[in-house]
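Asker: Here you go, this is input.csv (CSV, N, CA and C atoms).
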```csv
chain,number,residue,atom,x,y,z
Z,1,MET,N,218.2,-55.2,135.7
Z,1,MET,CA,218.8,-53.9,135.6
Z,1,MET,C,219.0,-53.5,134.2
Z,2,GLY,N,218.5,-52.3,133.8
Z,2,GLY,CA,218.7,-51.9,132.4
Z,2,GLY,C,220.0,-51.2,132.1
Z,3,ILE,N,220.3,-51.1,130.8
Z,3,ILE,CA,221.5,-50.4,130.4
Z,3,ILE,C,221.3,-48.9,130.5
Z,4,ARG,N,222.2,-48.2,131.1
Z,4,ARG,CA,222.1,-46.8,131.2
Z,4,ARG,C,223.0,-46.1,130.2
Z,5,LYS,N,222.4,-45.2,129.5
Z,5,LYS,CA,223.1,-44.4,128.5
Z,5,LYS,C,223.9,-43.3,129.2
Z,6,VAL,N,225.2,-43.3,128.9
Z,6,VAL,CA,226.1,-42.3,129.6
Z,6,VAL,C,226.4,-41.2,128.6
Z,7,GLN,N,226.2,-40.0,129.0
Z,7,GLN,CA,226.5,-38.8,128.2
Z,7,GLN,C,228.0,-38.6,128.1
Z,8,PRO,N,228.5,-38.4,126.9
Z,8,PRO,CA,230.0,-38.0,126.9
Z,8,PRO,C,230.2,-36.7,127.6
Z,9,ARG,N,231.4,-36.6,128.1
Z,9,ARG,CA,231.8,-35.4,128.8
Z,9,ARG,C,231.9,-34.2,127.8
Z,10,ALA,N,231.5,-33.1,128.2
Z,10,ALA,CA,231.7,-31.9,127.4
Z,10,ALA,C,233.1,-31.5,127.2
Z,11,LYS,N,233.5,-31.0,126.1
Z,11,LYS,CA,234.9,-30.6,125.8
Z,11,LYS,C,235.1,-29.2,126.4
Z,12,LEU,N,235.9,-29.2,127.4
Z,12,LEU,CA,236.3,-27.9,128.1
Z,12,LEU,C,237.6,-27.4,127.6
Z,13,ALA,N,237.6,-26.1,127.5
Z,13,ALA,CA,238.8,-25.4,127.1
Z,13,ALA,C,239.2,-24.4,128.2
Z,14,SER,N,240.4,-24.3,128.6
Z,14,SER,CA,240.7,-23.4,129.7
Z,14,SER,C,242.1,-22.8,129.6
Z,15,THR,N,242.3,-21.6,130.2
Z,15,THR,CA,243.6,-20.9,130.2
Z,15,THR,C,243.6,-20.1,131.5
Z,16,GLN,N,244.8,-19.5,131.8
Z,16,GLN,CA,244.9,-18.6,132.9
Z,16,GLN,C,245.8,-17.4,132.5
Z,17,ARG,N,245.5,-16.3,133.2
Z,17,ARG,CA,246.3,-15.1,132.9
Z,17,ARG,C,246.7,-14.5,134.3
Z,18,LYS,N,247.9,-14.1,134.4
Z,18,LYS,CA,248.3,-13.5,135.7
Z,18,LYS,C,248.7,-12.0,135.4
Z,19,LYS,N,248.5,-11.2,136.4
Z,19,LYS,CA,248.8,-9.8,136.3
Z,19,LYS,C,249.2,-9.3,137.6
Z,20,ASN,N,250.3,-8.5,137.7
Z,20,ASN,CA,250.8,-7.9,138.9
Z,20,ASN,C,250.9,-6.4,138.6
Z,21,ARG,N,250.1,-5.7,139.5
Z,21,ARG,CA,250.1,-4.2,139.3
Z,21,ARG,C,249.8,-3.6,140.7
Z,22,ARG,N,250.6,-2.6,141.0
Z,22,ARG,CA,250.4,-1.8,142.2
Z,22,ARG,C,250.3,-2.6,143.5
Z,23,GLY,N,251.1,-3.6,143.6
Z,23,GLY,CA,251.1,-4.4,144.8
Z,23,GLY,C,250.0,-5.4,144.8
Z,24,ARG,N,249.3,-5.6,143.8
Z,24,ARG,CA,248.1,-6.5,143.7
Z,24,ARG,C,248.4,-7.6,142.7
Z,25,GLN,N,248.3,-8.8,143.1
Z,25,GLN,CA,248.5,-10.0,142.2
Z,25,GLN,C,247.2,-10.6,141.9
Z,26,GLU,N,246.9,-10.7,140.6
Z,26,GLU,CA,245.6,-11.2,140.2
Z,26,GLU,C,245.8,-12.4,139.2
Z,27,THR,N,245.1,-13.5,139.4
Z,27,THR,CA,245.1,-14.6,138.5
Z,27,THR,C,243.7,-14.9,138.1
Z,28,ARG,N,243.5,-15.0,136.8
Z,28,ARG,CA,242.2,-15.3,136.2
Z,28,ARG,C,242.2,-16.6,135.5
Z,29,HIS,N,241.3,-17.5,135.9
Z,29,HIS,CA,241.2,-18.8,135.2
Z,29,HIS,C,239.9,-18.8,134.4
Z,30,TYR,N,240.1,-19.0,133.1
Z,30,TYR,CA,239.0,-19.0,132.2
Z,30,TYR,C,238.7,-20.4,131.7
Z,31,THR,N,237.4,-20.8,131.7
Z,31,THR,CA,237.0,-22.1,131.2
Z,31,THR,C,235.7,-21.9,130.4
Z,32,ILE,N,235.6,-22.5,129.3
Z,32,ILE,CA,234.5,-22.4,128.4
Z,32,ILE,C,234.1,-23.8,127.9
Z,33,MET,N,232.9,-24.1,127.7
Z,33,MET,CA,232.4,-25.4,127.1
Z,33,MET,C,231.3,-25.1,126.2
Z,34,PRO,N,231.2,-25.9,125.1
Z,34,PRO,CA,230.0,-25.7,124.2
Z,34,PRO,C,228.8,-26.2,124.9
Z,35,LEU,N,227.7,-25.7,124.4
Z,35,LEU,CA,226.4,-26.1,124.9
Z,35,LEU,C,226.2,-27.6,124.5
Z,36,SER,N,225.9,-28.4,125.6
Z,36,SER,CA,225.8,-29.9,125.3
Z,36,SER,C,224.3,-30.2,124.9
Z,37,GLU,N,224.2,-31.4,124.4
Z,37,GLU,CA,222.8,-31.9,124.0
Z,37,GLU,C,221.8,-31.8,125.2
Z,38,SER,N,222.3,-32.1,126.4
Z,38,SER,CA,221.4,-32.1,127.5
Z,38,SER,C,220.9,-30.7,127.9
Z,39,MET,N,221.7,-29.7,127.4
Z,39,MET,CA,221.3,-28.3,127.7
Z,39,MET,C,220.7,-27.6,126.5
Z,40,SER,N,220.4,-28.3,125.4
Z,40,SER,CA,219.9,-27.7,124.2
Z,40,SER,C,218.6,-26.9,124.4
Z,41,ALA,N,217.8,-27.3,125.4
Z,41,ALA,CA,216.5,-26.5,125.7
Z,41,ALA,C,216.8,-25.1,126.0
Z,42,PHE,N,218.0,-24.8,126.6
Z,42,PHE,CA,218.4,-23.4,126.9
Z,42,PHE,C,218.6,-22.6,125.6
Z,43,GLY,N,219.2,-23.3,124.6
Z,43,GLY,CA,219.4,-22.7,123.3
Z,43,GLY,C,218.1,-22.2,122.7
Z,44,LYS,N,217.0,-22.8,123.0
Z,44,LYS,CA,215.7,-22.4,122.4
Z,44,LYS,C,215.2,-21.1,123.1
Z,45,LYS,N,215.6,-21.0,124.4
Z,45,LYS,CA,215.2,-19.8,125.2
Z,45,LYS,C,216.0,-18.6,124.9
Z,46,TRP,N,217.3,-18.8,124.6
Z,46,TRP,CA,218.3,-17.7,124.3
Z,46,TRP,C,218.8,-17.9,122.9
Z,47,SER,N,218.3,-17.1,122.0
Z,47,SER,CA,218.7,-17.3,120.6
Z,47,SER,C,220.2,-17.1,120.5
Z,48,GLY,N,220.8,-18.0,119.8
Z,48,GLY,CA,222.2,-17.8,119.5
Z,48,GLY,C,223.1,-18.4,120.6
Z,49,LEU,N,222.6,-19.0,121.6
Z,49,LEU,CA,223.4,-19.5,122.7
Z,49,LEU,C,224.3,-20.7,122.2
Z,50,LYS,N,225.6,-20.5,122.4
Z,50,LYS,CA,226.5,-21.5,121.9
Z,50,LYS,C,227.4,-22.1,123.0
Z,51,SER,N,227.6,-21.4,124.1
Z,51,SER,CA,228.6,-21.9,125.1
Z,51,SER,C,228.3,-21.3,126.5
Z,52,ILE,N,228.9,-21.9,127.5
Z,52,ILE,CA,228.8,-21.5,128.9
Z,52,ILE,C,230.3,-21.3,129.4
Z,53,GLY,N,230.5,-20.1,130.0
Z,53,GLY,CA,231.8,-19.8,130.5
Z,53,GLY,C,231.9,-19.6,131.9
Z,54,ARG,N,233.1,-19.7,132.5
Z,54,ARG,CA,233.4,-19.5,133.9
Z,54,ARG,C,234.7,-18.8,134.0
Z,55,VAL,N,234.7,-17.8,134.9
Z,55,VAL,CA,235.9,-17.0,135.2
Z,55,VAL,C,236.1,-17.1,136.7
Z,56,VAL,N,237.3,-17.6,137.2
Z,56,VAL,CA,237.6,-17.6,138.6
Z,56,VAL,C,238.7,-16.5,138.8
Z,57,ARG,N,238.5,-15.5,139.6
Z,57,ARG,CA,239.4,-14.4,139.8
Z,57,ARG,C,240.0,-14.6,141.2
Z,58,GLU,N,241.3,-14.7,141.3
Z,58,GLU,CA,242.0,-14.8,142.6
Z,58,GLU,C,242.9,-13.6,142.8
Z,59,VAL,N,242.7,-12.8,143.8
Z,59,VAL,CA,243.4,-11.6,144.1
Z,59,VAL,C,244.1,-11.7,145.4
Z,60,GLN,N,245.4,-11.3,145.4
Z,60,GLN,CA,246.2,-11.2,146.6
Z,60,GLN,C,246.8,-9.8,146.7
Z,61,GLN,N,246.5,-9.2,147.9
Z,61,GLN,CA,247.0,-7.8,148.1
Z,61,GLN,C,247.2,-7.6,149.6
Z,62,GLU,N,248.3,-7.1,149.9
Z,62,GLU,CA,248.6,-6.8,151.3
Z,62,GLU,C,248.4,-8.0,152.2
Z,63,GLY,N,248.8,-9.2,151.8
Z,63,GLY,CA,248.6,-10.4,152.6
Z,63,GLY,C,247.2,-11.0,152.7
Z,64,LYS,N,246.2,-10.4,152.0
Z,64,LYS,CA,244.9,-10.8,152.0
Z,64,LYS,C,244.6,-11.5,150.6
Z,65,GLN,N,243.8,-12.5,150.7
Z,65,GLN,CA,243.4,-13.2,149.5
Z,65,GLN,C,241.9,-13.2,149.3
Z,66,ALA,N,241.4,-13.1,148.1
Z,66,ALA,CA,240.0,-13.1,147.8
Z,66,ALA,C,239.8,-13.9,146.5
Z,67,SER,N,238.7,-14.5,146.4
Z,67,SER,CA,238.3,-15.3,145.2
Z,67,SER,C,236.9,-15.0,144.8
Z,68,LYS,N,236.6,-14.9,143.5
Z,68,LYS,CA,235.3,-14.6,143.0
Z,68,LYS,C,235.1,-15.4,141.7
Z,69,THR,N,234.0,-16.1,141.6
Z,69,THR,CA,233.7,-16.9,140.4
Z,69,THR,C,232.5,-16.3,139.7
Z,70,SER,N,232.6,-16.1,138.4
Z,70,SER,CA,231.5,-15.6,137.6
Z,70,SER,C,231.2,-16.6,136.5
Z,71,TYR,N,229.9,-16.8,136.2
Z,71,TYR,CA,229.5,-17.7,135.1
Z,71,TYR,C,228.8,-16.8,134.0
Z,72,SER,N,228.9,-17.2,132.8
Z,72,SER,CA,228.2,-16.5,131.7
Z,72,SER,C,227.7,-17.4,130.6
Z,73,ILE,N,226.7,-16.9,130.0
Z,73,ILE,CA,226.2,-17.6,128.8
Z,73,ILE,C,226.6,-16.8,127.6
Z,74,ASN,N,226.9,-17.5,126.5
Z,74,ASN,CA,227.6,-16.8,125.4
Z,74,ASN,C,227.0,-17.2,124.1
Z,75,ASN,N,227.1,-16.2,123.1
Z,75,ASN,CA,226.9,-16.6,121.7
Z,75,ASN,C,228.2,-16.8,121.0
Z,76,LEU,N,229.3,-17.0,121.8
Z,76,LEU,CA,230.6,-17.3,121.2
Z,76,LEU,C,230.8,-18.8,121.1
Z,77,GLU,N,231.6,-19.2,120.1
Z,77,GLU,CA,232.1,-20.6,120.0
Z,77,GLU,C,232.9,-20.8,121.2
Z,78,ALA,N,233.1,-22.1,121.6
Z,78,ALA,CA,233.8,-22.5,122.8
Z,78,ALA,C,235.3,-22.4,122.5
Z,79,LYS,N,235.8,-21.2,122.3
Z,79,LYS,CA,237.2,-21.0,122.1
Z,79,LYS,C,237.7,-20.1,123.2
Z,80,VAL,N,238.6,-20.6,124.1
Z,80,VAL,CA,238.9,-20.0,125.3
Z,80,VAL,C,239.7,-18.6,125.1
Z,81,GLY,N,240.5,-18.5,124.0
Z,81,GLY,CA,241.1,-17.2,123.8
Z,81,GLY,C,240.2,-16.1,123.4
Z,82,ILE,N,239.2,-16.4,122.6
Z,82,ILE,CA,238.2,-15.4,122.3
Z,82,ILE,C,237.3,-15.1,123.5
Z,83,PHE,N,237.0,-16.1,124.3
Z,83,PHE,CA,236.2,-15.9,125.5
Z,83,PHE,C,237.0,-15.0,126.5
Z,84,SER,N,238.2,-15.3,126.8
Z,84,SER,CA,239.0,-14.5,127.8
Z,84,SER,C,239.1,-13.0,127.3
Z,85,ASP,N,239.4,-12.8,126.0
Z,85,ASP,CA,239.5,-11.5,125.5
Z,85,ASP,C,238.2,-10.7,125.6
Z,86,SER,N,237.1,-11.4,125.3
Z,86,SER,CA,235.8,-10.8,125.4
Z,86,SER,C,235.4,-10.4,126.8
Z,87,VAL,N,235.7,-11.3,127.8
Z,87,VAL,CA,235.4,-11.0,129.2
Z,87,VAL,C,236.1,-9.8,129.6
Z,88,ARG,N,237.4,-9.7,129.3
Z,88,ARG,CA,238.2,-8.6,129.8
Z,88,ARG,C,237.9,-7.3,129.1
Z,89,SER,N,237.5,-7.3,127.8
Z,89,SER,CA,237.2,-6.1,127.1
Z,89,SER,C,235.8,-5.6,127.1
Z,90,LEU,N,234.9,-6.6,127.0
Z,90,LEU,CA,233.4,-6.2,126.9
Z,90,LEU,C,232.6,-6.6,128.1
Z,91,GLY,N,233.1,-7.5,128.9
Z,91,GLY,CA,232.3,-8.0,130.0
Z,91,GLY,C,231.4,-9.2,129.4
Z,92,ALA,N,230.6,-9.8,130.3
Z,92,ALA,CA,229.8,-10.9,129.8
Z,92,ALA,C,228.5,-10.9,130.6
Z,93,SER,N,227.5,-11.5,130.0
Z,93,SER,CA,226.2,-11.6,130.7
Z,93,SER,C,226.2,-12.7,131.7
Z,94,ARG,N,226.4,-12.2,133.0
Z,94,ARG,CA,226.5,-13.2,134.1
Z,94,ARG,C,225.2,-13.8,134.5
Z,95,ILE,N,225.2,-15.1,134.7
Z,95,ILE,CA,224.0,-15.7,135.2
Z,95,ILE,C,224.1,-16.1,136.7
Z,96,ALA,N,225.3,-16.1,137.2
Z,96,ALA,CA,225.5,-16.3,138.6
Z,96,ALA,C,226.9,-15.8,139.0
Z,97,CYS,N,227.0,-15.4,140.2
Z,97,CYS,CA,228.3,-14.9,140.7
Z,97,CYS,C,228.4,-15.2,142.2
Z,98,THR,N,229.5,-15.9,142.6
Z,98,THR,CA,229.8,-16.2,144.0
Z,98,THR,C,231.1,-15.7,144.4
Z,99,GLY,N,231.3,-15.5,145.7
Z,99,GLY,CA,232.5,-15.0,146.1
Z,99,GLY,C,232.6,-14.8,147.5
```
Write the structure described by the file as structure tokens, please.
Answerer:
Amino acid sequence: MGIRKVQPRAKLASTQRKKNRRGRQETRHYTIMPLSESMSAFGKKWSGLKSIGRVVREVQQEGKQASKTSYSINNLEAKVGIFSDSVRSLGASRIACTG
């Protein structure tokens, strides 16, 4: 049996923000990670690609709960504060969305 090279785990950065407005409670969980070596081929296809981000939105209103997850590819450094501000103000290029 050969020795298997194990890839180090990517450094994740995360934060959450809560907002209560007009009877609606919303929590957003932001996570961002730098592009890893194993994903470097994607960086060749998308010029300037530096990180991958995820936003999980949880909304509770009138006793009903909903959750939606969005993923984005970014030319931002993997700094969660910058990522969360950018998503809220500018939006992001989503590559997948589930909910």
Asker: Quick one: distance from atom N of Ser72 of chain Z to atom CA of Met33 of chain Z in Å, one decimal?
Answerer: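 Calculated distance between atom N of Ser72 of chain Z and atom CA of Met33 of chain Z is 10.6 Å.
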Asker: Just to confirm, what's the straight-line distance from atom N of Gln60 of chain Z to atom CA of Gly23 of chain Z in Å (one decimal)?
Answerer: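 Rounded to one decimal, the two atoms are 9.0 Å apart.
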Asker: Please check which residues have atoms at most 6 Å from (234.6, -22.2, 131.8) in the file's coordinates, counting only C-alpha atoms, and write them as a list of chain:residue names.
Answerer: Z:Tyr30, Z:Thr31, Z:Ile32, Z:Gly53, Z:Arg54
Asker: Counting only N, CA and C atoms, which residue out of Z:Val87, Z:Ala13, Z:Val80, Z:Ile52 sits closest to Ser36 of chain Z?
Answerer: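 Closest to Ser36 of chain Z of all the choices is Z:Ile52.
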Asker: Identify which of the residues Z:Ser89, Z:Gly81, Z:Thr27, Z:Ser14 lies closest to Val56 of chain Z, counting only N, CA and C atoms when measuring atom-to-atom distances.
Answerer: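 Once distances to Val56 of chain Z are computed over only N, CA and C atoms, the minimum belongs to Z:Thr27.
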Asker: What is the atom CA of Thr69 of chain Z to atom CA of Arg57 of chain Z distance in Å?
Answerer: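 Computing it gives 6.3 Å between the two atoms.
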Asker: So that I can check the surroundings of Pro34 of chain Z, please list as a VMD selection string every protein, DNA and RNA residue that reaches within 10 Å of it, counting only C-alpha atoms and ignoring chain neighbours fewer than 2 positions away.
Answerer: chain Z and resid 10 to 13 32 36 to 37 39 49 to 53 74 to 79
Asker: Edge lengths and centre in Å to one decimal, as JSON, is what I'm after for the box along x, y and z that holds all listed atoms of segment 74-88 of chain Z once 3 Å is added on each side.
Answerer:
```
{"center_x": 234.0, "center_y": -14.9, "center_z": 124.9, "size_x": 20.2, "size_y": 21.2, "size_z": 15.8}
```
Asker: Quick one: residues within 8 Å of Val59 of chain Z, all atoms listed in the file counted, chain neighbours fewer than 2 positions away excluded, as a PDB file with N, CA and C atoms, in the coordinates of the input?
Answerer:
```
ATOM      1  N   ARG Z  24     249.300  -5.600 143.800  1.00  0.00           N
ATOM      2  CA  ARG Z  24     248.100  -6.500 143.700  1.00  0.00           C
ATOM      3  C   ARG Z  24     248.400  -7.600 142.700  1.00  0.00           C
ATOM      4  N   GLN Z  25     248.300  -8.800 143.100  1.00  0.00           N
ATOM      5  CA  GLN Z  25     248.500 -10.000 142.200  1.00  0.00           C
ATOM      6  C   GLN Z  25     247.200 -10.600 141.900  1.00  0.00           C
ATOM      7  N   GLU Z  26     246.900 -10.700 140.600  1.00  0.00           N
ATOM      8  CA  GLU Z  26     245.600 -11.200 140.200  1.00  0.00           C
ATOM      9  C   GLU Z  26     245.800 -12.400 139.200  1.00  0.00           C
ATOM     10  N   THR Z  27     245.100 -13.500 139.400  1.00  0.00           N
ATOM     11  CA  THR Z  27     245.100 -14.600 138.500  1.00  0.00           C
ATOM     12  C   THR Z  27     243.700 -14.900 138.100  1.00  0.00           C
ATOM     13  N   ARG Z  28     243.500 -15.000 136.800  1.00  0.00           N
ATOM     14  CA  ARG Z  28     242.200 -15.300 136.200  1.00  0.00           C
ATOM     15  C   ARG Z  28     242.200 -16.600 135.500  1.00  0.00           C
ATOM     16  N   VAL Z  56     237.300 -17.600 137.200  1.00  0.00           N
ATOM     17  CA  VAL Z  56     237.600 -17.600 138.600  1.00  0.00           C
ATOM     18  C   VAL Z  56     238.700 -16.500 138.800  1.00  0.00           C
ATOM     19  N   ARG Z  57     238.500 -15.500 139.600  1.00  0.00           N
ATOM     20  CA  ARG Z  57     239.400 -14.400 139.800  1.00  0.00           C
ATOM     21  C   ARG Z  57     240.000 -14.600 141.200  1.00  0.00           C
ATOM     22  N   GLN Z  61     246.500  -9.200 147.900  1.00  0.00           N
ATOM     23  CA  GLN Z  61     247.000  -7.800 148.100  1.00  0.00           C
ATOM     24  C   GLN Z  61     247.200  -7.600 149.600  1.00  0.00           C
ATOM     25  N   GLU Z  62     248.300  -7.100 149.900  1.00  0.00           N
ATOM     26  CA  GLU Z  62     248.600  -6.800 151.300  1.00  0.00           C
ATOM     27  C   GLU Z  62     248.400  -8.000 152.200  1.00  0.00           C
ATOM     28  N   GLY Z  63     248.800  -9.200 151.800  1.00  0.00           N
ATOM     29  CA  GLY Z  63     248.600 -10.400 152.600  1.00  0.00           C
ATOM     30  C   GLY Z  63     247.200 -11.000 152.700  1.00  0.00           C
ATOM     31  N   LYS Z  64     246.200 -10.400 152.000  1.00  0.00           N
ATOM     32  CA  LYS Z  64     244.900 -10.800 152.000  1.00  0.00           C
ATOM     33  C   LYS Z  64     244.600 -11.500 150.600  1.00  0.00           C
ATOM     34  N   GLN Z  65     243.800 -12.500 150.700  1.00  0.00           N
ATOM     35  CA  GLN Z  65     243.400 -13.200 149.500  1.00  0.00           C
ATOM     36  C   GLN Z  65     241.900 -13.200 149.300  1.00  0.00           C
ATOM     37  N   ALA Z  66     241.400 -13.100 148.100  1.00  0.00           N
ATOM     38  CA  ALA Z  66     240.000 -13.100 147.800  1.00  0.00           C
ATOM     39  C   ALA Z  66     239.800 -13.900 146.500  1.00  0.00           C
ATOM     40  N   SER Z  67     238.700 -14.500 146.400  1.00  0.00           N
ATOM     41  CA  SER Z  67     238.300 -15.300 145.200  1.00  0.00           C
ATOM     42  C   SER Z  67     236.900 -15.000 144.800  1.00  0.00           C
ATOM     43  N   LYS Z  68     236.600 -14.900 143.500  1.00  0.00           N
ATOM     44  CA  LYS Z  68     235.300 -14.600 143.000  1.00  0.00           C
ATOM     45  C   LYS Z  68     235.100 -15.400 141.700  1.00  0.00           C
TER      46      LYS Z  68
END
```
Asker: From the set Z:Gln16, Z:Arg21, Z:Gly48, Z:His29, which residue has the shortest atom-to-atom contact distance to Ile73 of chain Z, counting only N, CA and C atoms?
Answerer: Z:Gly48
Asker: Select from segment 31-92 of chain Z everything DSSP, run on the backbone, classes as strand (DSSP E), then give the selection as number ranges by chain.
Answerer: Z: 31-34, 51-61, 64-74
